[in-house]
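> Have a look at the structure that comes next, please.
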Amino acid sequence: MDSTGSSDPRAEVARLAADLRAALERHARGGRWSAPGGASPRIAGSLEAPHVEAQAEAAQVEPAHVEVTHVEAAHAPVIDLAVDVPDAPPQRVRLTLAEVRAELGECTRCKLHETRKKIVFGAGSGQAALMFVGEAPGADEDRTGLPFVGKAGELLDKMIEAMGFARGDVYIANVLKCRPPGNRNPQPDEVASCSGFLDAQITAVAPRILVALGRPAANTLLGIDAPISALRGRFHDRRGLRVMPTFHPAYLLREPDRKRDAWSDLKQVMAELERLGVGPRPR
C-alpha cells in the first residue's frame with residue numbers, strides 16, 4: 001500500500017509516471033530539453049526509472065515510458081511527453097505562442113529565407129475560440145510582418161466582422177511564415193519546414209474551430225489532396241478539432257459570385273460556435 005492508501009500497482013505506476021512527467025515539464029519550461037538518468041537501453045531517447053519498472057513488473061503491465069523529443073534547429077518545435085500508461089491518453093507539453101515564436105527565430109530552415117523581408121508569424125488572441133489559417137504571406141504581409149493586411153486581408157476583416165467578431169478576437173496565421181517569390185504556391189519542402197510551427201501555434205491557441213482559407217491551407221491541415229470545392233461546405237475532423245475549409249479571400253476578390261458560398265460556410269461556423277457556447281462577445 002502506498003502513501004495514498006492505494007494497493008493497486010497499476011495506480012502506483014500511473015502516479016509515478018505523472019510525477020516523472022511533471023518533472024520533465026519543469027525542465028522544459030526552464031529551457032532544459034533533456035533529463036538526467038541516461039537513455040533507456042531499449043528505446044532511444046526514453047527515460048525509464050528503475051523503480052517504475054519494478055512496480056510495472058509486479059503489476060504485470062508495461063512500464064511507463066516518457067519520450068522526450070529533443071528540439072533541433074532543423075525540425076519542428078513540438079515537444080512530446082508521451083506517457084504510455086494503461087487507460088491514460090498521451091499528454092503533450094503545450095508551448096505558449098511566445099515560446100513557439102522564439103523557437104522559430106530568424107528561420108533559415110528552407111530557401112524562402114533568401115527572398116523574404118519579414119517573417120509573418122501570426123496575429124490575434126492567444127485564447128481565441130476561432131482561428132483562420134491561410135497559405136502564405138503576400139507582398140503587403142512580407143513588408144509589414146503581419147498576416148492578411150492587403151486587399152485580401154481587408155476582405156477577411158469584413159468577413160470576421162460579419163460573424164460578430166473583431167480581428168483581435170480571433171487568431172490568424174498561415175501555413176508558411178515567409179512569402180514565396182511572386183506569390184507562387186507553397187512547395188512541399190517549404191510546407192514540411194513550416195508545418196510543425198503551425199501545429200504548435202494551433203496547440204498554443206487551442207481554438208474550438210479552424211477555418212482553412214483556400215486549398216493549400218485545407219490540404220495541409222487535413223493531410224489530403226483535394227480541391228477546395230470538394231472540401232468546403234462541411235466540417236472535417238483534425239485530431240478532434242473541427243475544420244471548416246472555405247474559399248481564400250484573394251479568390252473571392254477574383255470571383256465575387258462565390259462570396260455567397262463562403263458566407264454559407266461561415267454561418268455554419270457561427271452556428272457551431274454558438275452551440276459550443278463560445279460565440280462573439282456582446283459589443
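Ordering of the C-alpha cells sets the chain letters (A, B, ...); residue numbers start at 1 within each chain; ligands are numbered from 1 in the order shown.
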Which residues come within 12 Å of Ala123 (chain A), counting only C-alpha atoms, excluding same-chain residues fewer than 3 positions away, as a PDB file with C-alpha atoms, in the first residue's frame?


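Written out: result.pdb:
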ATOM      1  CA  LEU A  97       2.846  31.447 -28.679  1.00  0.00           C
ATOM      2  CA  ALA A  98       5.856  33.431 -27.445  1.00  0.00           C
ATOM      3  CA  ARG A 101       7.956  32.281 -31.913  1.00  0.00           C
ATOM      4  CA  VAL A 120       4.960  36.613 -40.782  1.00  0.00           C
ATOM      5  CA  GLY A 126      -3.795  33.703 -27.944  1.00  0.00           C
ATOM      6  CA  GLN A 127      -7.006  32.300 -26.402  1.00  0.00           C
ATOM      7  CA  ALA A 128      -9.213  32.581 -29.488  1.00  0.00           C
ATOM      8  CA  MET A 131      -8.607  30.507 -35.812  1.00  0.00           C
ATOM      9  CA  PHE A 132      -8.107  31.275 -39.504  1.00  0.00           C
ATOM     10  CA  VAL A 133      -5.283  29.682 -41.488  1.00  0.00           C
ATOM     11  CA  GLU A 141       2.416  40.887 -45.346  1.00  0.00           C
ATOM     12  CA  THR A 144       4.718  44.574 -42.555  1.00  0.00           C
ATOM     13  CA  GLY A 145       5.304  41.196 -40.890  1.00  0.00           C
ATOM     14  CA  LEU A 146       1.559  40.824 -40.212  1.00  0.00           C
ATOM     15  CA  PRO A 147      -0.864  38.297 -41.750  1.00  0.00           C
ATOM     16  CA  PHE A 148      -3.693  39.323 -44.078  1.00  0.00           C
ATOM     17  CA  VAL A 149      -3.144  43.077 -44.314  1.00  0.00           C
ATOM     18  CA  ARG A 167      -9.943  40.911 -35.744  1.00  0.00           C
ATOM     19  CA  GLY A 168      -8.369  40.894 -32.290  1.00  0.00           C
ATOM     20  CA  ASP A 169     -10.867  38.290 -31.065  1.00  0.00           C
ATOM     21  CA  VAL A 170      -9.601  35.586 -33.440  1.00  0.00           C
ATOM     22  CA  TYR A 171      -6.167  34.248 -34.328  1.00  0.00           C
ATOM     23  CA  ILE A 172      -4.820  34.442 -37.881  1.00  0.00           C
ATOM     24  CA  ALA A 173      -1.840  32.540 -39.254  1.00  0.00           C
ATOM     25  CA  ASN A 174      -0.501  30.990 -42.449  1.00  0.00           C
ATOM     26  CA  LYS A 177       5.769  32.062 -42.427  1.00  0.00           C
ATOM     27  CA  GLN A 201       0.510  27.574 -32.896  1.00  0.00           C
ATOM     28  CA  VAL A 205      -4.121  28.822 -29.063  1.00  0.00           C
TER      29      VAL A 205
END

> One number please: CA of Asp157 (chain A) to CA of Arg143 (chain A), in Å, one decimal.

18.8 Å

> Region 60-255 of chain A: which residues are strand (DSSP E) by DSSP, as an mmCIF file with N, CA and C atoms, in the first residue's frame?


data_model
loop_
_atom_site.group_PDB
_atom_site.id
_atom_site.type_symbol
_atom_site.label_atom_id
_atom_site.label_comp_id
_atom_site.auth_asym_id
_atom_site.auth_seq_id
_atom_site.Cartn_x
_atom_site.Cartn_y
_atom_site.Cartn_z
ATOM 1 N N VAL A 66 8.464 7.718 -20.804
ATOM 2 C CA VAL A 66 8.324 9.137 -21.098
ATOM 3 C C VAL A 66 9.313 9.478 -22.179
ATOM 4 N N GLU A 67 8.820 9.775 -23.378
ATOM 5 C CA GLU A 67 9.692 10.062 -24.504
ATOM 6 C C GLU A 67 9.826 11.555 -24.673
ATOM 7 N N VAL A 68 11.048 12.051 -24.725
ATOM 8 C CA VAL A 68 11.307 13.468 -24.880
ATOM 9 C C VAL A 68 11.892 13.689 -26.260
ATOM 10 N N ASP A 80 7.123 16.426 -27.340
ATOM 11 C CA ASP A 80 6.214 15.380 -26.935
ATOM 12 C C ASP A 80 6.661 14.780 -25.616
ATOM 13 N N LEU A 81 5.760 14.743 -24.661
ATOM 14 C CA LEU A 81 5.970 13.974 -23.443
ATOM 15 C C LEU A 81 4.881 12.911 -23.433
ATOM 16 N N ALA A 82 5.046 11.896 -24.274
ATOM 17 C CA ALA A 82 4.017 10.873 -24.428
ATOM 18 C C ALA A 82 4.163 9.848 -23.315
ATOM 19 N N VAL A 83 3.164 9.732 -22.476
ATOM 20 C CA VAL A 83 3.211 8.835 -21.324
ATOM 21 C C VAL A 83 2.366 7.617 -21.632
ATOM 22 N N GLN A 91 -0.003 12.721 -23.276
ATOM 23 C CA GLN A 91 -0.101 14.139 -22.963
ATOM 24 C C GLN A 91 1.089 14.875 -23.548
ATOM 25 N N ARG A 92 0.924 16.152 -23.852
ATOM 26 C CA ARG A 92 1.941 16.936 -24.536
ATOM 27 C C ARG A 92 2.174 18.258 -23.814
ATOM 28 N N ALA A 123 -1.134 36.632 -35.793
ATOM 29 C CA ALA A 123 -1.633 37.776 -35.025
ATOM 30 C C ALA A 123 -3.016 37.449 -34.484
ATOM 31 N N GLY A 124 -3.334 38.084 -33.354
ATOM 32 C CA GLY A 124 -4.654 37.923 -32.775
ATOM 33 C C GLY A 124 -4.597 37.460 -31.339
ATOM 34 N N LEU A 130 -11.738 30.840 -32.287
ATOM 35 C CA LEU A 130 -11.798 30.718 -33.740
ATOM 36 C C LEU A 130 -10.448 31.117 -34.327
ATOM 37 N N MET A 131 -9.912 30.255 -35.194
ATOM 38 C CA MET A 131 -8.607 30.507 -35.812
ATOM 39 C C MET A 131 -8.725 30.355 -37.317
ATOM 40 N N PHE A 132 -8.138 31.305 -38.046
ATOM 41 C CA PHE A 132 -8.107 31.275 -39.504
ATOM 42 C C PHE A 132 -6.686 30.946 -39.965
ATOM 43 N N VAL A 133 -6.591 30.070 -40.958
ATOM 44 C CA VAL A 133 -5.283 29.682 -41.488
ATOM 45 C C VAL A 133 -5.293 29.848 -43.001
ATOM 46 N N GLY A 134 -4.371 30.677 -43.502
ATOM 47 C CA GLY A 134 -4.193 30.850 -44.936
ATOM 48 C C GLY A 134 -2.983 30.071 -45.413
ATOM 49 N N TYR A 171 -7.593 34.363 -34.039
ATOM 50 C CA TYR A 171 -6.167 34.248 -34.328
ATOM 51 C C TYR A 171 -6.007 33.927 -35.802
ATOM 52 N N ILE A 172 -5.035 34.578 -36.439
ATOM 53 C CA ILE A 172 -4.820 34.442 -37.881
ATOM 54 C C ILE A 172 -3.374 34.037 -38.130
ATOM 55 N N ALA A 173 -3.189 33.006 -38.929
ATOM 56 C CA ALA A 173 -1.840 32.540 -39.254
ATOM 57 C C ALA A 173 -1.843 31.980 -40.677
ATOM 58 N N ASN A 174 -0.663 31.626 -41.145
ATOM 59 C CA ASN A 174 -0.501 30.990 -42.449
ATOM 60 C C ASN A 174 0.276 29.698 -42.298
ATOM 61 N N ILE A 209 -12.578 25.944 -33.287
ATOM 62 C CA ILE A 209 -12.802 25.713 -34.716
ATOM 63 C C ILE A 209 -11.683 26.364 -35.514
ATOM 64 N N LEU A 210 -11.222 25.664 -36.552
ATOM 65 C CA LEU A 210 -10.277 26.202 -37.520
ATOM 66 C C LEU A 210 -11.012 26.482 -38.822
ATOM 67 N N VAL A 211 -10.751 27.630 -39.425
ATOM 68 C CA VAL A 211 -11.248 27.923 -40.770
ATOM 69 C C VAL A 211 -10.040 27.910 -41.698
ATOM 70 N N ALA A 212 -10.035 26.998 -42.644
ATOM 71 C CA ALA A 212 -8.943 26.875 -43.605
ATOM 72 C C ALA A 212 -9.290 27.690 -44.842
ATOM 73 N N LEU A 213 -8.460 28.671 -45.142
ATOM 74 C CA LEU A 213 -8.718 29.590 -46.249
ATOM 75 C C LEU A 213 -7.970 29.130 -47.500
ATOM 76 N N HIS A 236 -14.737 19.109 -41.165
ATOM 77 C CA HIS A 236 -13.837 17.963 -41.218
ATOM 78 C C HIS A 236 -13.153 17.843 -39.862
ATOM 79 N N ASP A 237 -12.661 16.663 -39.562
ATOM 80 C CA ASP A 237 -12.002 16.423 -38.281
ATOM 81 C C ASP A 237 -10.489 16.445 -38.453
ATOM 82 N N ARG A 238 -9.827 17.159 -37.554
ATOM 83 C CA ARG A 238 -8.366 17.159 -37.490
ATOM 84 C C ARG A 238 -7.950 16.897 -36.047
ATOM 85 N N LEU A 241 -10.321 18.245 -33.672
ATOM 86 C CA LEU A 241 -10.630 19.666 -33.857
ATOM 87 C C LEU A 241 -11.428 19.838 -35.147
ATOM 88 N N ARG A 242 -12.484 20.633 -35.088
ATOM 89 C CA ARG A 242 -13.342 20.837 -36.254
ATOM 90 C C ARG A 242 -12.724 21.856 -37.195
ATOM 91 N N VAL A 243 -12.681 21.512 -38.489
ATOM 92 C CA VAL A 243 -12.089 22.367 -39.518
ATOM 93 C C VAL A 243 -13.132 22.642 -40.589
ATOM 94 N N MET A 244 -13.312 23.927 -40.906
ATOM 95 C CA MET A 244 -14.204 24.323 -41.995
ATOM 96 C C MET A 244 -13.361 24.919 -43.126
ATOM 97 N N PRO A 245 -13.173 24.191 -44.220
ATOM 98 C CA PRO A 245 -12.494 24.776 -45.373
ATOM 99 C C PRO A 245 -13.438 25.719 -46.121
ATOM 100 N N THR A 246 -12.900 26.811 -46.607
ATOM 101 C CA THR A 246 -13.689 27.729 -47.434
ATOM 102 C C THR A 246 -12.754 28.441 -48.402
#

> Give me the residues within 9 Å of Val100 (chain A) as a PDB file with C-alpha atoms, in the first residue's frame, counting only C-alpha atoms and dropping any in the same chain fewer than 4 places off.


ATOM      1  CA  PRO A  77       9.406  22.717 -32.191  1.00  0.00           C
ATOM      2  CA  VAL A  78       6.733  20.458 -30.730  1.00  0.00           C
ATOM      3  CA  LEU A  95       4.215  25.837 -25.570  1.00  0.00           C
ATOM      4  CA  THR A  96       2.981  29.408 -25.481  1.00  0.00           C
ATOM      5  CA  LEU A 104      11.118  29.820 -34.976  1.00  0.00           C
ATOM      6  CA  GLY A 105      13.753  32.525 -34.501  1.00  0.00           C
ATOM      7  CA  PHE A 197       5.280  25.597 -36.278  1.00  0.00           C
ATOM      8  CA  ALA A 200       2.498  24.364 -32.359  1.00  0.00           C
ATOM      9  CA  GLN A 201       0.510  27.574 -32.896  1.00  0.00           C
ATOM     10  CA  ALA A 204      -0.901  27.012 -28.106  1.00  0.00           C
TER      11      ALA A 204
END

> Check region 129-245 of chain A with DSSP on the backbone and list each residue it calls helix (DSSP H, G or I), as a ChimeraX atom specification.

/A:139-144,151-162,167-169,181-183,188-205,215-222,228-231

> Could you check which of A:Glu190, A:Glu114, A:Glu135, A:Glu154 is closest to Arg215 (chain A), using only C-alpha atoms?

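Ranking A:Glu190, A:Glu114, A:Glu135, A:Glu154 by distance to Arg215 (chain A), first place goes to A:Glu135.
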
> Which polymer residues have any atom within 9 Å of an atom of Leu112 (chain A), counting only C-alpha atoms, with same-chain residues fewer than 5 positions away left out, as a PDB file with C-alpha atoms, in the first residue's frame?


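Result saved to result38.pdb:
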ATOM      1  CA  CYS A 178       7.688  33.569 -45.375  1.00  0.00           C
ATOM      2  CA  ARG A 179       6.456  34.868 -48.718  1.00  0.00           C
ATOM      3  CA  PRO A 180       7.096  32.639 -51.742  1.00  0.00           C
ATOM      4  CA  PRO A 181       8.614  34.665 -54.632  1.00  0.00           C
ATOM      5  CA  GLU A 190       8.622  24.641 -47.626  1.00  0.00           C
TER       6      GLU A 190
END

> Which residue is closest to Gln268 (chain A)? Choose from A:Gly240, A:Gly182, A:Gly233, A:Gly214 and count only C-alpha atoms.

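The shortest atom-to-atom distance to Gln268 (chain A) comes from A:Gly233.
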
> Which residue is closest to Gln187 (chain A)? Choose from A:Arg234, A:Phe247, A:Thr115, A:Pro216 and count only C-alpha atoms.

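Between A:Arg234, A:Phe247, A:Thr115, A:Pro216, the residue approaching Gln187 (chain A) most closely is A:Pro216.
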
> Please measure the separation of CA of Leu266 (chain A) and CA of Ala206 (chain A), giving the value in Å to one decimal.

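Separation of CA of Leu266 (chain A) and CA of Ala206 (chain A): 19.2 Å.
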
> Which one of A:Gly122, A:Pro249, A:Pro227, A:Pro207 sits closest to Ala152 (chain A) if you count only C-alpha atoms?

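Between A:Gly122, A:Pro249, A:Pro227, A:Pro207, the residue approaching Ala152 (chain A) most closely is A:Pro249.
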
> Between A:Ala250, A:Leu276, A:Leu222, A:Ile202, which is the closest to Arg94 (chain A) once you count only C-alpha atoms?

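Residue with the minimum atom-to-atom distance to Arg94 (chain A): A:Ile202.
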
> Find the distance between CA of Ile224 (chain A) and CA of Arg184 (chain A) and write it in Å to one decimal.

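For CA of Ile224 (chain A) relative to CA of Arg184 (chain A), the distance reads 20.0 Å.
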
> Using only C-alpha atoms, find the one residue out of A:Ala192, A:Gly277, A:Ala129, A:Thr108 that sits nearest to Gly223 (chain A).

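So, comparing all the options, the nearest one is A:Ala192.
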